[in-house]
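**Q** Attaching a single structure in structure tokens format; questions to follow.
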Amino acid sequence: MIIRAAGEADDAALAAIYGHHVLHGFGTFEEVPPSTPEMGRRRAAVIGAGLPYLVAEDAGQVLGFAYAGPFRLRAAYRYTVEDSVYIASDAIGRGVGRQVLSAVLGACDAAGIRQVVAVIGDSGNAASIGLHRSLGFEPAGVGRGLGFKHERWVDIVWMQKALNGGDGRAPDVPGLSLSGV
């Protein structure tokens, strides 16, 4: 398996993987799968903000993807990102998420990011919660019943990982440019 930057040629695979989770899971609160061009627009926006958008590939097949996007667009959040990770249904449980999310975290660390937030759909999402915990994320809270999907109320679990000293000292890099995002 290789981890590499996502490109335009990956947009259809990104849309297929994400679309499955939109239709069958709680990891995202979207209810209508975005089109391939829309996934391309989203990918390009993340990359345009100088953030990592990576895919895990094996034998020419995209098995999953992860990226870090701006947490919020207010200037004070310029050192904080939110991670996302989605794995093809037939590749779940093979360590794909761990490898691709680890690479995203490494890129965020190298970029001087201070906090990574995971906003995990469904407090019963043991796989995503466990993945994040195994990569050093700590619980930061639960929002009860914030979404309604597949005919039930769904929680959000917040987890957080500090990088580059977290909030222990002032930043030494300028942070994300949030204009144009």
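Following the order of the structure tokens, first chain is A, next is B, and so on, with residues numbered from 1 inside each chain and ligands from 1 in the order they appear.
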May I have the residues within 12 Å of Trp153 in chain A as a list in words, using only C-alpha atoms and disregarding those fewer than 3 positions away in the same chain?
**A**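 Result of the neighbour search: Phe26, Phe29, Gly121, Asp122, Ser123, Gly124, Gly143, Arg144, Gly145, Leu146, Gly147, Phe148, Lys149, His150 and Ile156 of chain A.
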**Q** Please return, as a VMD selection string, all residues of range 34-68 of chain A that DSSP assigns to alpha helix (DSSP H) on the basis of the backbone.
**A** chain A and resid 36 to 48
**Q** Which is closer to Ala140 in chain A than all the others in A:Gly166, A:Val117, A:Asp155, A:Ala126, using only C-alpha atoms?
**A** A:Val117
**Q** Give me, as CSV, the closest atom pair and its distance (Å, one decimal) for every residue of range 43-77 of chain A within a cut-off of 7 Å of range 86-98 of chain A, counting only C-alpha atoms, rows sorted by chain and rising number.
**A**
residue,atom,partner,partner_atom,distance
A:Ala56,CA,A:Val96,CA,6.7
A:Leu63,CA,A:Ala88,CA,5.3
A:Gly64,CA,A:Ile87,CA,4.0
A:Phe65,CA,A:Tyr86,CA,5.6
A:Ala66,CA,A:Tyr86,CA,6.4
**Q** Those residues with N, CA and C atoms, as a compact mmCIF listing (two decimals), in the first residue's frame please?
**A**
# COMPACT_ATOMS: atom_id res chain seq x y z
N ALA A 56 -4.86 6.33 0.12
CA ALA A 56 -4.16 5.07 0.28
C ALA A 56 -4.50 4.24 -0.95
N LEU A 63 -8.05 2.80 -1.80
CA LEU A 63 -8.71 2.08 -0.71
C LEU A 63 -9.32 3.01 0.33
N GLY A 64 -8.86 4.25 0.34
CA GLY A 64 -9.37 5.20 1.32
C GLY A 64 -8.68 6.52 1.16
N PHE A 65 -9.18 7.50 1.91
CA PHE A 65 -8.57 8.82 1.86
C PHE A 65 -8.74 9.52 3.21
N ALA A 66 -7.87 10.48 3.43
CA ALA A 66 -7.95 11.31 4.63
C ALA A 66 -7.42 12.69 4.27
**Q** If we count only C-alpha atoms and set the cut-off at 10 Å, which residues sit around Gly112 in chain A, ignoring sequence neighbours fewer than 5 positions away in its own chain? Please answer as a ChimeraX atom specification.
**A** /A:79-80,107,163-166,171-176
**Q** Could you please take those selected residues and save C-alpha atoms as a PDB file, in the first residue's frame?
**A**
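So part31.pdb came out as:
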ATOM      1  CA  TYR A  79      -3.642  26.820  13.860  1.00  0.00           C
ATOM      2  CA  THR A  80      -6.440  24.244  14.150  1.00  0.00           C
ATOM      3  CA  ALA A 107       1.910  16.619   7.234  1.00  0.00           C
ATOM      4  CA  LEU A 163       0.806  18.971  17.737  1.00  0.00           C
ATOM      5  CA  ASN A 164       3.904  21.166  17.982  1.00  0.00           C
ATOM      6  CA  GLY A 165       3.425  21.879  21.676  1.00  0.00           C
ATOM      7  CA  GLY A 166      -0.308  22.534  21.366  1.00  0.00           C
ATOM      8  CA  PRO A 171       2.981  29.819  17.582  1.00  0.00           C
ATOM      9  CA  ASP A 172       6.230  30.220  15.669  1.00  0.00           C
ATOM     10  CA  VAL A 173       4.692  29.981  12.163  1.00  0.00           C
ATOM     11  CA  PRO A 174       1.989  32.173  10.609  1.00  0.00           C
ATOM     12  CA  GLY A 175      -0.755  29.522  10.546  1.00  0.00           C
ATOM     13  CA  LEU A 176      -3.254  28.817   7.787  1.00  0.00           C
TER      14      LEU A 176
END
**Q** Kindly indicate which residue among A:Ala103, A:Val119, A:Leu23, A:Ala9 lies nearest to Thr36 in chain A, using only C-alpha atoms for the distances.
**A** A:Ala9
**Q** My list of candidates is A:Arg152, A:His20, A:Arg72, A:His132. Which is closest to Ser177 in chain A when distances are computed with only C-alpha atoms?
**A** A:Arg72
**Q** Neighbours of Phe137 in chain A within 10 Å (only C-alpha atoms; same-chain residues fewer than 4 positions away dropped), as a PyMOL selection string?
**A** chain A and resi 116-118+129-133+158-162
**Q** Take the residues just selected and output them with C-alpha atoms as a short mmCIF file (atom, residue, chain, number, x, y, z; two decimals), in the first residue's frame.
**A**
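Result file selection_10.cif:
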data_model
loop_
_atom_site.label_atom_id
_atom_site.label_comp_id
_atom_site.auth_asym_id
_atom_site.auth_seq_id
_atom_site.Cartn_x
_atom_site.Cartn_y
_atom_site.Cartn_z
CA VAL A 116 -6.27 18.57 15.19
CA VAL A 117 -9.95 18.04 15.94
CA ALA A 118 -11.89 14.92 15.02
CA ILE A 129 -13.06 6.46 17.94
CA GLY A 130 -10.54 3.63 18.39
CA LEU A 131 -8.49 4.75 15.39
CA HIS A 132 -8.26 8.29 16.69
CA ARG A 133 -7.48 7.15 20.24
CA TRP A 158 -15.20 15.35 19.58
CA MET A 159 -11.62 14.23 19.99
CA GLN A 160 -8.49 16.36 19.90
CA LYS A 161 -4.76 15.91 19.36
CA ALA A 162 -2.14 18.56 20.10
#
**Q** For each of A:Gly27, A:Gly7, A:Gly40, A:Gly69, take the minimum atom-to-atom distance to Ser128 in chain A, counting only C-alpha atoms, then give the residue where this is smallest.
**A**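 Closest to Ser128 in chain A of all the choices is A:Gly27.
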